[in-house]
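*Asks:* Handing over structure.pdb, PDB, C-alpha atoms, pLDDT in the B column.
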```pdb
ATOM      1  CA  HIS A   6      39.230  17.182  -4.376  1.00 91.00           C
ATOM      2  CA  ASP A   7      36.621  15.607  -2.145  1.00 91.00           C
ATOM      3  CA  ASP A   8      33.190  17.194  -2.501  1.00 92.00           C
ATOM      4  CA  PHE A   9      31.654  15.680   0.649  1.00 91.00           C
ATOM      5  CA  GLY A  10      28.296  17.437   0.340  1.00 90.00           C
ATOM      6  CA  GLY A  11      27.915  16.703  -3.362  1.00 92.00           C
ATOM      7  CA  SER A  12      27.611  20.372  -4.364  1.00 93.00           C
ATOM      8  CA  HIS A  13      29.127  19.388  -7.734  1.00 95.00           C
ATOM      9  CA  PRO A  14      27.773  15.854  -8.282  1.00 96.00           C
ATOM     10  CA  LEU A  15      28.848  13.559 -11.074  1.00 96.00           C
ATOM     11  CA  SER A  16      25.744  14.587 -13.034  1.00 96.00           C
ATOM     12  CA  TRP A  17      27.013  18.210 -12.927  1.00 97.00           C
ATOM     13  CA  ALA A  18      30.339  17.149 -14.458  1.00 96.00           C
ATOM     14  CA  ARG A  19      28.508  15.269 -17.223  1.00 97.00           C
ATOM     15  CA  GLU A  20      26.285  18.288 -17.949  1.00 96.00           C
ATOM     16  CA  GLN A  21      29.372  20.515 -18.198  1.00 95.00           C
ATOM     17  CA  PHE A  22      30.958  18.015 -20.568  1.00 95.00           C
ATOM     18  CA  ASP A  23      27.812  17.800 -22.727  1.00 94.00           C
ATOM     19  CA  THR A  24      27.655  21.597 -23.075  1.00 93.00           C
ATOM     20  CA  GLY A  25      31.340  21.803 -24.087  1.00 91.00           C
ATOM     21  CA  GLU A  26      32.692  23.340 -20.881  1.00 91.00           C
ATOM     22  CA  PHE A  27      35.652  20.929 -20.778  1.00 91.00           C
ATOM     23  CA  ALA A  28      36.823  21.914 -24.276  1.00 86.00           C
ATOM     24  CA  ARG A  29      40.225  23.625 -24.486  1.00 77.00           C
ATOM     25  CA  GLY A  30      41.623  25.121 -27.621  1.00 71.00           C
ATOM     26  CA  GLY A  31      38.367  24.462 -29.444  1.00 71.00           C
ATOM     27  CA  ARG A  32      38.774  20.700 -29.305  1.00 77.00           C
ATOM     28  CA  PRO A  33      36.621  18.691 -26.885  1.00 83.00           C
ATOM     29  CA  PRO A  34      38.305  15.903 -24.915  1.00 90.00           C
ATOM     30  CA  LYS A  35      37.087  12.338 -25.007  1.00 91.00           C
ATOM     31  CA  GLY A  36      34.599  11.321 -22.330  1.00 94.00           C
ATOM     32  CA  GLU A  37      33.646   7.975 -20.845  1.00 94.00           C
ATOM     33  CA  PHE A  38      30.843   7.218 -18.399  1.00 96.00           C
ATOM     34  CA  ILE A  39      30.712   3.992 -16.377  1.00 96.00           C
ATOM     35  CA  ASP A  40      27.208   3.409 -15.049  1.00 96.00           C
ATOM     36  CA  ASP A  41      26.468   1.321 -11.966  1.00 95.00           C
ATOM     37  CA  CYS A  42      23.179   0.297 -13.665  1.00 95.00           C
ATOM     38  CA  GLY A  43      21.093   1.208 -10.634  1.00 92.00           C
ATOM     39  CA  SER A  44      23.075  -0.831  -8.069  1.00 94.00           C
ATOM     40  CA  ASN A  45      24.021   2.406  -6.231  1.00 92.00           C
ATOM     41  CA  ASP A  46      27.635   1.215  -5.994  1.00 93.00           C
ATOM     42  CA  GLY A  47      28.727   4.474  -7.636  1.00 95.00           C
ATOM     43  CA  CYS A  48      29.227   5.734 -11.175  1.00 97.00           C
ATOM     44  CA  THR A  49      32.455   7.041 -12.715  1.00 97.00           C
ATOM     45  CA  PHE A  50      33.019   9.665 -15.390  1.00 97.00           C
ATOM     46  CA  TYR A  51      36.328  10.225 -17.221  1.00 95.00           C
ATOM     47  CA  VAL A  52      37.275  13.365 -19.155  1.00 95.00           C
ATOM     48  CA  GLY A  53      40.315  12.774 -21.364  1.00 90.00           C
ATOM     49  CA  LYS A  54      42.094   9.551 -22.262  1.00 81.00           C
ATOM     50  CA  ASN A  55      44.466   7.610 -20.016  1.00 71.00           C
ATOM     51  CA  THR A  56      46.905   7.521 -22.934  1.00 69.00           C
ATOM     52  CA  GLY A  57      46.894  11.327 -23.147  1.00 67.00           C
ATOM     53  CA  ASN A  58      48.475  14.080 -21.142  1.00 78.00           C
ATOM     54  CA  GLN A  59      45.850  14.386 -18.412  1.00 86.00           C
ATOM     55  CA  THR A  60      42.617  12.729 -17.351  1.00 92.00           C
ATOM     56  CA  LEU A  61      39.960  13.885 -14.928  1.00 94.00           C
ATOM     57  CA  CYS A  62      38.191  11.104 -13.066  1.00 96.00           C
ATOM     58  CA  VAL A  63      34.951  12.022 -11.268  1.00 97.00           C
ATOM     59  CA  TYR A  64      33.422   9.265  -9.167  1.00 97.00           C
ATOM     60  CA  GLU A  65      30.940   8.687  -6.379  1.00 97.00           C
ATOM     61  CA  LYS A  66      33.423   7.932  -3.594  1.00 95.00           C
ATOM     62  CA  GLY A  67      30.919   7.501  -0.746  1.00 93.00           C
ATOM     63  CA  LYS A  68      28.961   4.914  -2.717  1.00 94.00           C
ATOM     64  CA  GLN A  69      32.202   3.171  -3.712  1.00 93.00           C
ATOM     65  CA  LEU A  70      32.947   2.785   0.005  1.00 91.00           C
ATOM     66  CA  GLY A  71      29.532   1.242   0.678  1.00 90.00           C
ATOM     67  CA  ASP A  72      27.314   4.172   1.713  1.00 91.00           C
ATOM     68  CA  LYS A  73      24.567   3.933  -0.914  1.00 91.00           C
ATOM     69  CA  ALA A  74      23.027   7.292   0.069  1.00 91.00           C
ATOM     70  CA  SER A  75      26.288   9.253   0.202  1.00 93.00           C
ATOM     71  CA  PRO A  76      26.550  12.487  -1.822  1.00 94.00           C
ATOM     72  CA  TRP A  77      30.396  12.376  -1.580  1.00 95.00           C
ATOM     73  CA  VAL A  78      32.007  12.860  -5.012  1.00 96.00           C
ATOM     74  CA  ARG A  79      35.741  12.822  -5.695  1.00 95.00           C
ATOM     75  CA  TYR A  80      37.399  14.822  -8.471  1.00 95.00           C
ATOM     76  CA  GLU A  81      40.761  13.219  -9.217  1.00 94.00           C
ATOM     77  CA  GLY A  82      43.333  14.506 -11.694  1.00 92.00           C
ATOM     78  CA  ARG A  83      45.712  12.123 -13.417  1.00 90.00           C
ATOM     79  CA  PHE A  84      48.697  13.682 -15.139  1.00 86.00           C
ATOM     80  CA  GLY A  85      50.839  11.912 -17.724  1.00 82.00           C
ATOM     81  CA  ASN A  86      54.379  12.738 -18.796  1.00 79.00           C
ATOM     82  CA  LYS A  87      54.045  11.694 -22.427  1.00 72.00           C
ATOM     83  CA  TYR A  88      54.135  15.258 -23.757  1.00 66.00           C
ATOM     84  CA  ARG A  89      55.627  17.181 -20.819  1.00 72.00           C
ATOM     85  CA  ALA A  90      57.553  16.876 -17.590  1.00 77.00           C
ATOM     86  CA  ILE A  91      55.399  16.859 -14.471  1.00 81.00           C
ATOM     87  CA  PRO A  92      56.644  19.428 -11.943  1.00 82.00           C
ATOM     88  CA  THR A  93      57.163  18.326  -8.357  1.00 84.00           C
ATOM     89  CA  ASP A  94      54.865  21.175  -7.305  1.00 83.00           C
ATOM     90  CA  VAL A  95      51.967  18.934  -8.262  1.00 83.00           C
ATOM     91  CA  LEU A  96      52.709  17.083  -4.997  1.00 83.00           C
ATOM     92  CA  ARG A  97      52.894  20.286  -2.942  1.00 81.00           C
ATOM     93  CA  ARG A  98      49.822  22.002  -4.406  1.00 82.00           C
ATOM     94  CA  PRO A  99      47.650  19.289  -5.952  1.00 85.00           C
ATOM     95  CA  GLY A 100      44.422  21.299  -5.640  1.00 84.00           C
ATOM     96  CA  GLU A 101      45.809  24.103  -7.781  1.00 83.00           C
ATOM     97  CA  PHE A 102      46.863  21.689 -10.524  1.00 84.00           C
ATOM     98  CA  LEU A 103      43.509  19.924 -10.407  1.00 88.00           C
ATOM     99  CA  ALA A 104      41.624  23.228 -10.630  1.00 86.00           C
ATOM    100  CA  GLY A 105      43.882  24.224 -13.531  1.00 85.00           C
ATOM    101  CA  MET A 106      43.145  21.126 -15.599  1.00 86.00           C
ATOM    102  CA  PHE A 107      39.993  22.692 -17.042  1.00 87.00           C
ATOM    103  CA  PRO A 108      38.578  26.222 -16.512  1.00 85.00           C
ATOM    104  CA  VAL A 109      35.256  24.714 -15.400  1.00 90.00           C
ATOM    105  CA  LEU A 110      37.046  23.312 -12.320  1.00 91.00           C
ATOM    106  CA  SER A 111      37.993  26.756 -10.978  1.00 86.00           C
ATOM    107  CA  TRP A 112      35.614  26.208  -8.022  1.00 87.00           C
ATOM    108  CA  ILE A 113      37.971  23.603  -6.532  1.00 86.00           C
ATOM    109  CA  SER A 114      39.863  24.747  -3.456  1.00 64.00           C
ATOM    110  CA  GLY A 115      43.616  24.492  -3.510  1.00 48.00           C
ATOM    111  CA  VAL A 116      43.659  23.260   0.084  1.00 43.00           C
ATOM    112  CA  ALA A 117      43.457  19.522   0.501  1.00 44.00           C
ATOM    113  CA  GLU A 118      41.578  18.326   3.551  1.00 50.00           C
ATOM    114  CA  LYS A 119      43.250  14.986   4.277  1.00 49.00           C
ATOM    115  CA  PHE A 120      41.819  14.675   7.767  1.00 50.00           C
ATOM    116  CA  ALA A 121      38.258  15.419   6.671  1.00 59.00           C
ATOM    117  CA  THR A 122      38.704  12.812   3.933  1.00 63.00           C
ATOM    118  CA  ALA A 123      39.929  10.241   6.456  1.00 65.00           C
ATOM    119  CA  VAL A 124      36.945  10.860   8.758  1.00 67.00           C
ATOM    120  CA  ALA A 125      34.489  10.655   5.848  1.00 73.00           C
ATOM    121  CA  LYS A 126      36.087   7.409   4.673  1.00 76.00           C
ATOM    122  CA  THR A 127      35.878   5.959   8.181  1.00 78.00           C
ATOM    123  CA  LYS A 128      32.238   7.037   8.500  1.00 79.00           C
ATOM    124  CA  ALA A 129      31.345   5.404   5.182  1.00 81.00           C
ATOM    125  CA  GLY A 130      33.166   2.240   6.293  1.00 82.00           C
ATOM    126  CA  MET A 131      31.247   2.197   9.587  1.00 83.00           C
ATOM    127  CA  GLN A 132      27.923   2.556   7.769  1.00 85.00           C
ATOM    128  CA  SER A 133      28.790  -0.229   5.349  1.00 87.00           C
ATOM    129  CA  LEU A 134      29.905  -2.548   8.167  1.00 87.00           C
ATOM    130  CA  ALA A 135      26.762  -1.741  10.192  1.00 87.00           C
ATOM    131  CA  PHE A 136      24.619  -2.606   7.160  1.00 89.00           C
ATOM    132  CA  HIS A 137      26.330  -5.995   6.800  1.00 89.00           C
ATOM    133  CA  LEU A 138      26.225  -6.617  10.554  1.00 91.00           C
ATOM    134  CA  LYS A 139      22.464  -6.051  10.563  1.00 91.00           C
ATOM    135  CA  ARG A 140      21.931  -8.232   7.479  1.00 92.00           C
ATOM    136  CA  GLN A 141      24.097 -11.116   8.669  1.00 93.00           C
ATOM    137  CA  TYR A 142      23.702 -11.002  12.453  1.00 91.00           C
ATOM    138  CA  GLY A 143      20.732  -8.717  13.131  1.00 91.00           C
ATOM    139  CA  LYS A 144      18.484 -11.589  14.181  1.00 93.00           C
ATOM    140  CA  LEU A 145      21.146 -12.937  16.553  1.00 92.00           C
ATOM    141  CA  LEU A 146      21.550  -9.486  18.118  1.00 90.00           C
ATOM    142  CA  HIS A 147      17.788  -9.163  18.532  1.00 90.00           C
ATOM    143  CA  PHE A 148      17.612 -12.582  20.172  1.00 91.00           C
ATOM    144  CA  ALA A 149      20.515 -11.680  22.485  1.00 90.00           C
ATOM    145  CA  GLN A 150      18.635  -8.536  23.551  1.00 89.00           C
ATOM    146  CA  THR A 151      15.598 -10.602  24.527  1.00 90.00           C
ATOM    147  CA  ILE A 152      17.737 -12.933  26.661  1.00 91.00           C
ATOM    148  CA  HIS A 153      20.008 -10.310  28.211  1.00 91.00           C
ATOM    149  CA  GLN A 154      17.523  -7.736  29.463  1.00 84.00           C
ATOM    150  CA  THR A 155      19.649  -5.274  31.411  1.00 91.00           C
ATOM    151  CA  PRO A 156      22.225  -2.952  29.802  1.00 89.00           C
ATOM    152  CA  ASP A 157      24.982  -4.579  31.909  1.00 92.00           C
ATOM    153  CA  GLU A 158      24.044  -8.075  30.695  1.00 92.00           C
ATOM    154  CA  ILE A 159      23.991  -6.904  27.064  1.00 89.00           C
ATOM    155  CA  ALA A 160      27.334  -5.108  27.478  1.00 90.00           C
ATOM    156  CA  ARG A 161      28.954  -8.211  29.020  1.00 92.00           C
ATOM    157  CA  TRP A 162      27.605 -10.384  26.191  1.00 91.00           C
ATOM    158  CA  VAL A 163      28.857  -7.970  23.499  1.00 89.00           C
ATOM    159  CA  GLU A 164      32.248  -7.893  25.215  1.00 90.00           C
ATOM    160  CA  SER A 165      32.354 -11.717  25.283  1.00 92.00           C
ATOM    161  CA  VAL A 166      31.856 -11.993  21.487  1.00 90.00           C
ATOM    162  CA  SER A 167      34.065  -9.014  20.509  1.00 89.00           C
ATOM    163  CA  ARG A 168      37.616  -9.307  19.157  1.00 86.00           C
ATOM    164  CA  SER A 169      40.306  -6.644  19.382  1.00 83.00           C
ATOM    165  CA  GLY A 170      41.609  -4.871  16.299  1.00 77.00           C
ATOM    166  CA  LEU A 171      40.065  -2.917  13.453  1.00 76.00           C
ATOM    167  CA  PRO A 172      38.236  -4.175  10.370  1.00 79.00           C
ATOM    168  CA  ASP A 173      40.144  -3.377   7.161  1.00 78.00           C
ATOM    169  CA  LYS A 174      37.479  -0.819   6.130  1.00 74.00           C
ATOM    170  CA  LEU A 175      38.355   1.237   9.217  1.00 73.00           C
ATOM    171  CA  LYS A 176      42.138   1.175   8.822  1.00 71.00           C
ATOM    172  CA  VAL A 177      42.375   4.739   7.548  1.00 66.00           C
ATOM    173  CA  PRO A 178      45.570   6.835   7.885  1.00 57.00           C
ATOM    174  CA  HIS A 179      45.479   9.989  10.005  1.00 52.00           C
ATOM    175  CA  VAL A 180      42.269   9.234  11.913  1.00 53.00           C
ATOM    176  CA  ALA A 181      43.706   7.649  15.057  1.00 53.00           C
ATOM    177  CA  THR A 182      46.731   9.921  15.235  1.00 50.00           C
ATOM    178  CA  VAL A 183      44.986  13.242  14.655  1.00 47.00           C
ATOM    179  CA  MET A 184      41.668  12.967  16.412  1.00 50.00           C
ATOM    180  CA  SER A 185      40.960  12.151  19.998  1.00 52.00           C
ATOM    181  CA  ALA A 186      38.614   9.257  20.731  1.00 55.00           C
ATOM    182  CA  ALA A 187      35.886  11.660  21.897  1.00 56.00           C
ATOM    183  CA  SER A 188      36.146  13.780  18.746  1.00 58.00           C
ATOM    184  CA  LEU A 189      36.164  10.730  16.485  1.00 61.00           C
ATOM    185  CA  ARG A 190      33.161   9.305  18.338  1.00 64.00           C
ATOM    186  CA  SER A 191      31.171  12.523  17.857  1.00 64.00           C
ATOM    187  CA  GLN A 192      32.024  12.567  14.133  1.00 61.00           C
ATOM    188  CA  LEU A 193      31.100   8.909  13.554  1.00 64.00           C
ATOM    189  CA  CYS A 194      28.071   8.620  15.806  1.00 65.00           C
ATOM    190  CA  ALA A 195      26.312  11.794  14.619  1.00 58.00           C
ATOM    191  CA  SER A 196      24.176   9.845  12.156  1.00 54.00           C
ATOM    192  CA  TRP A 197      23.245   6.901  14.410  1.00 54.00           C
TER
END
```
Once more with this new file: its structure as structure tokens, please.
*Replies:*
Amino acid sequence: HDDFGGSHPLSWAREQFDTGEFARGGRPPKGEFIDDCGSNDGCTFYVGKNTGNQTLCVYEKGKQLGDKASPWVRYEGRFGNKYRAIPTDVLRRPGEFLAGMFPVLSWISGVAEKFATAVAKTKAGMQSLAFHLKRQYGKLLHFAQTIHQTPDEIARWVESVSRSGLPDKLKVPHVATVMSAASLRSQLCASW
């Protein structure tokens, strides 16, 4: 489940764990927290062991993709077949199985929003690439603006240094096939 707005941030999951909300059958699961030590690259929190039957992984997806201010948190269920067979329905209704892992996750919607996830991933990739563009070539772009003073001159110069294709960070399934260029532009350029 992708919590794009961060209504249930990683800190919420840790608080629920600390107060025993992830316990089932009276026995609390193991927990592990991986801190980014202030780098803002994103923290990760695991509930359960990878060697067990199921593990919940909660991580700061937007930050992982390079958007240091992103509230986007992903709740990801990992199911093992050590003690049981995994039904194929987990592929048809993953949200329901994720919400059923622990009662505290009952707020998770059973409807996966693949297209919203693809747009959010593309947006985070654009922001990360823009950050690196500014850091590495910002001075060159500023200098080019002082030389090429009209919008047409700047556009011709940008066109002369551009290459076709997509950066790897923007190669996201579903985006190009589902959304029109105008719709994608409005989604990605809203924050510029």
*Asks:* Using all atoms listed in the file, determine which residues lie at most 8 Å from A:Tyr80, disregarding the query and same-chain residues fewer than 5 positions distant; provide the list as a PDB file with C-alpha atoms, in the coordinates of the input.
*Replies:*
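Writing the result to result07.pdb gives the following:
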```
ATOM      1  CA  HIS A   6      39.230  17.182  -4.376  1.00 91.00           C
ATOM      2  CA  ASP A   7      36.621  15.607  -2.145  1.00 91.00           C
ATOM      3  CA  ASP A   8      33.190  17.194  -2.501  1.00 92.00           C
ATOM      4  CA  LEU A  61      39.960  13.885 -14.928  1.00 94.00           C
ATOM      5  CA  CYS A  62      38.191  11.104 -13.066  1.00 96.00           C
ATOM      6  CA  VAL A  63      34.951  12.022 -11.268  1.00 97.00           C
ATOM      7  CA  TYR A  64      33.422   9.265  -9.167  1.00 97.00           C
TER       8      TYR A  64
END
```
*Asks:* Taking all atoms listed in the file into account, name the residue in A:Trp162, A:Leu70, A:Arg97, A:Asp157 that is nearest to A:Met131.
*Replies:*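 So, comparing all the options, the nearest one is A:Leu70.
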*Asks:* Which residues are close to A:Tyr51, i.e. within 12 Å by only C-alpha atoms, leaving aside same-chain residues fewer than 6 positions away? Reply as number ranges by chain.
*Replies:* A: 15, 18-19, 22, 27, 34-40, 59-64, 79-83
*Asks:* Hey, can you check how far atom CA of A:Lys66 sits from atom CA of A:Gln132?
*Replies:*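 We find that atom CA of A:Lys66 and atom CA of A:Gln132 lie 13.7 Å from each other.
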*Asks:* Give me the residues within 12 Å of A:Ile113 as a JSON list (two decimals) with C-alpha atoms, keeping the file's coordinate frame, counting only C-alpha atoms and dropping any in the same chain fewer than 3 places off.
*Replies:*
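Writing done, so here's part30.json:
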```
[["chain", "number", "residue", "atom", "x", "y", "z"],
["A", 6, "HIS", "CA", 39.23, 17.18, -4.38],
["A", 7, "ASP", "CA", 36.62, 15.61, -2.14],
["A", 8, "ASP", "CA", 33.19, 17.19, -2.50],
["A", 12, "SER", "CA", 27.61, 20.37, -4.36],
["A", 13, "HIS", "CA", 29.13, 19.39, -7.73],
["A", 79, "ARG", "CA", 35.74, 12.82, -5.70],
["A", 80, "TYR", "CA", 37.40, 14.82, -8.47],
["A", 81, "GLU", "CA", 40.76, 13.22, -9.22],
["A", 82, "GLY", "CA", 43.33, 14.51, -11.69],
["A", 99, "PRO", "CA", 47.65, 19.29, -5.95],
["A", 100, "GLY", "CA", 44.42, 21.30, -5.64],
["A", 101, "GLU", "CA", 45.81, 24.10, -7.78],
["A", 102, "PHE", "CA", 46.86, 21.69, -10.52],
["A", 103, "LEU", "CA", 43.51, 19.92, -10.41],
["A", 104, "ALA", "CA", 41.62, 23.23, -10.63],
["A", 105, "GLY", "CA", 43.88, 24.22, -13.53],
["A", 106, "MET", "CA", 43.14, 21.13, -15.60],
["A", 107, "PHE", "CA", 39.99, 22.69, -17.04],
["A", 108, "PRO", "CA", 38.58, 26.22, -16.51],
["A", 109, "VAL", "CA", 35.26, 24.71, -15.40],
["A", 110, "LEU", "CA", 37.05, 23.31, -12.32],
["A", 116, "VAL", "CA", 43.66, 23.26, 0.08],
["A", 117, "ALA", "CA", 43.46, 19.52, 0.50],
["A", 118, "GLU", "CA", 41.58, 18.33, 3.55]]
```
*Asks:* In Å to one decimal, how far is atom CA of A:Gly11 from atom CA of A:Glu65?
*Replies:*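 Atom-to-atom, atom CA of A:Glu65 to atom CA of A:Gly11, that is 9.1 Å.
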*Asks:* Please indicate the distance in Å from atom CA of A:Lys73 to atom CA of A:Asn45, rounded to one decimal place.
*Replies:*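 Taking atom CA of A:Lys73 and atom CA of A:Asn45, their separation equals 5.6 Å.
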*Asks:* Pick from A:Pro76, A:Lys126, A:Lys87, A:Leu96: nearest to A:Lys176, with all atoms listed in the file counted?
*Replies:*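 The closest residue to A:Lys176 is A:Lys126.
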*Asks:* Could you state which residues are captured by the PyMOL selection byres ((chain A and resi 47) around 6) in this file, as an mmCIF file with C-alpha atoms, keeping the file's coordinate frame?
*Replies:*
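Final file, selection_17.cif:
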```cif
data_model
loop_
_atom_site.group_PDB
_atom_site.id
_atom_site.type_symbol
_atom_site.label_atom_id
_atom_site.label_comp_id
_atom_site.auth_asym_id
_atom_site.auth_seq_id
_atom_site.Cartn_x
_atom_site.Cartn_y
_atom_site.Cartn_z
ATOM 1 C CA ASP A 41 26.468 1.321 -11.966
ATOM 2 C CA ASN A 45 24.021 2.406 -6.231
ATOM 3 C CA ASP A 46 27.635 1.215 -5.994
ATOM 4 C CA CYS A 48 29.227 5.734 -11.175
ATOM 5 C CA GLU A 65 30.940 8.687 -6.379
ATOM 6 C CA LYS A 68 28.961 4.914 -2.717
ATOM 7 C CA GLN A 69 32.202 3.171 -3.712
#
```
*Asks:* Any chance you could resolve the PyMOL selection byres ((chain A and resi 85) around 12) against this file and give the residues as JSON, numbers by chain?
*Replies:* {"A": [53, 54, 55, 56, 57, 58, 59, 60, 61, 82, 83, 84, 86, 87, 88, 89, 90, 91, 92, 95]}
*Asks:* Generate a file of the selected residues that holds C-alpha atoms, formatted as a tab-separated table (two decimals), keeping the file's coordinate frame.
*Replies:*
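Generated output (result02.tsv):
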```tsv
chain	number	residue	atom	x	y	z
A	53	GLY	CA	40.32	12.77	-21.36
A	54	LYS	CA	42.09	9.55	-22.26
A	55	ASN	CA	44.47	7.61	-20.02
A	56	THR	CA	46.90	7.52	-22.93
A	57	GLY	CA	46.89	11.33	-23.15
A	58	ASN	CA	48.48	14.08	-21.14
A	59	GLN	CA	45.85	14.39	-18.41
A	60	THR	CA	42.62	12.73	-17.35
A	61	LEU	CA	39.96	13.88	-14.93
A	82	GLY	CA	43.33	14.51	-11.69
A	83	ARG	CA	45.71	12.12	-13.42
A	84	PHE	CA	48.70	13.68	-15.14
A	86	ASN	CA	54.38	12.74	-18.80
A	87	LYS	CA	54.04	11.69	-22.43
A	88	TYR	CA	54.14	15.26	-23.76
A	89	ARG	CA	55.63	17.18	-20.82
A	90	ALA	CA	57.55	16.88	-17.59
A	91	ILE	CA	55.40	16.86	-14.47
A	92	PRO	CA	56.64	19.43	-11.94
A	95	VAL	CA	51.97	18.93	-8.26
```
*Asks:* For each of A:Gln150, A:Asp23, A:Arg98, A:Lys139, take the minimum atom-to-atom distance to A:Val163, counting all atoms listed in the file, then give the residue where this is smallest.
*Replies:*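 Among the listed residues, A:Gln150 lies closest to A:Val163.
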*Asks:* For A:Ala129, which residue among A:Leu175, A:Ser44, A:Val78, A:Phe50 is the nearest when counting only C-alpha atoms?
*Replies:*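 Of A:Leu175, A:Ser44, A:Val78, A:Phe50, the one nearest A:Ala129 is A:Leu175, counting only C-alpha atoms.
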*Asks:* Give, as lines of an AutoDock Vina configuration file, the centre coordinates and the x, y and z edge lengths in Å to one decimal for an axis-aligned box around all listed atoms of stretch 123-140 of chain A, padded by 3 Å on each side.
*Replies:*
```
center_x = 30.9
center_y = 1.3
center_z = 7.6
size_x = 24.0
size_y = 25.1
size_z = 11.9
```
*Asks:* Pick from A:Thr49, A:Ser169, A:Gly71, A:His147: nearest to A:Ala125, with all atoms listed in the file counted?
*Replies:*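 Closest to A:Ala125 of all the choices is A:Gly71.
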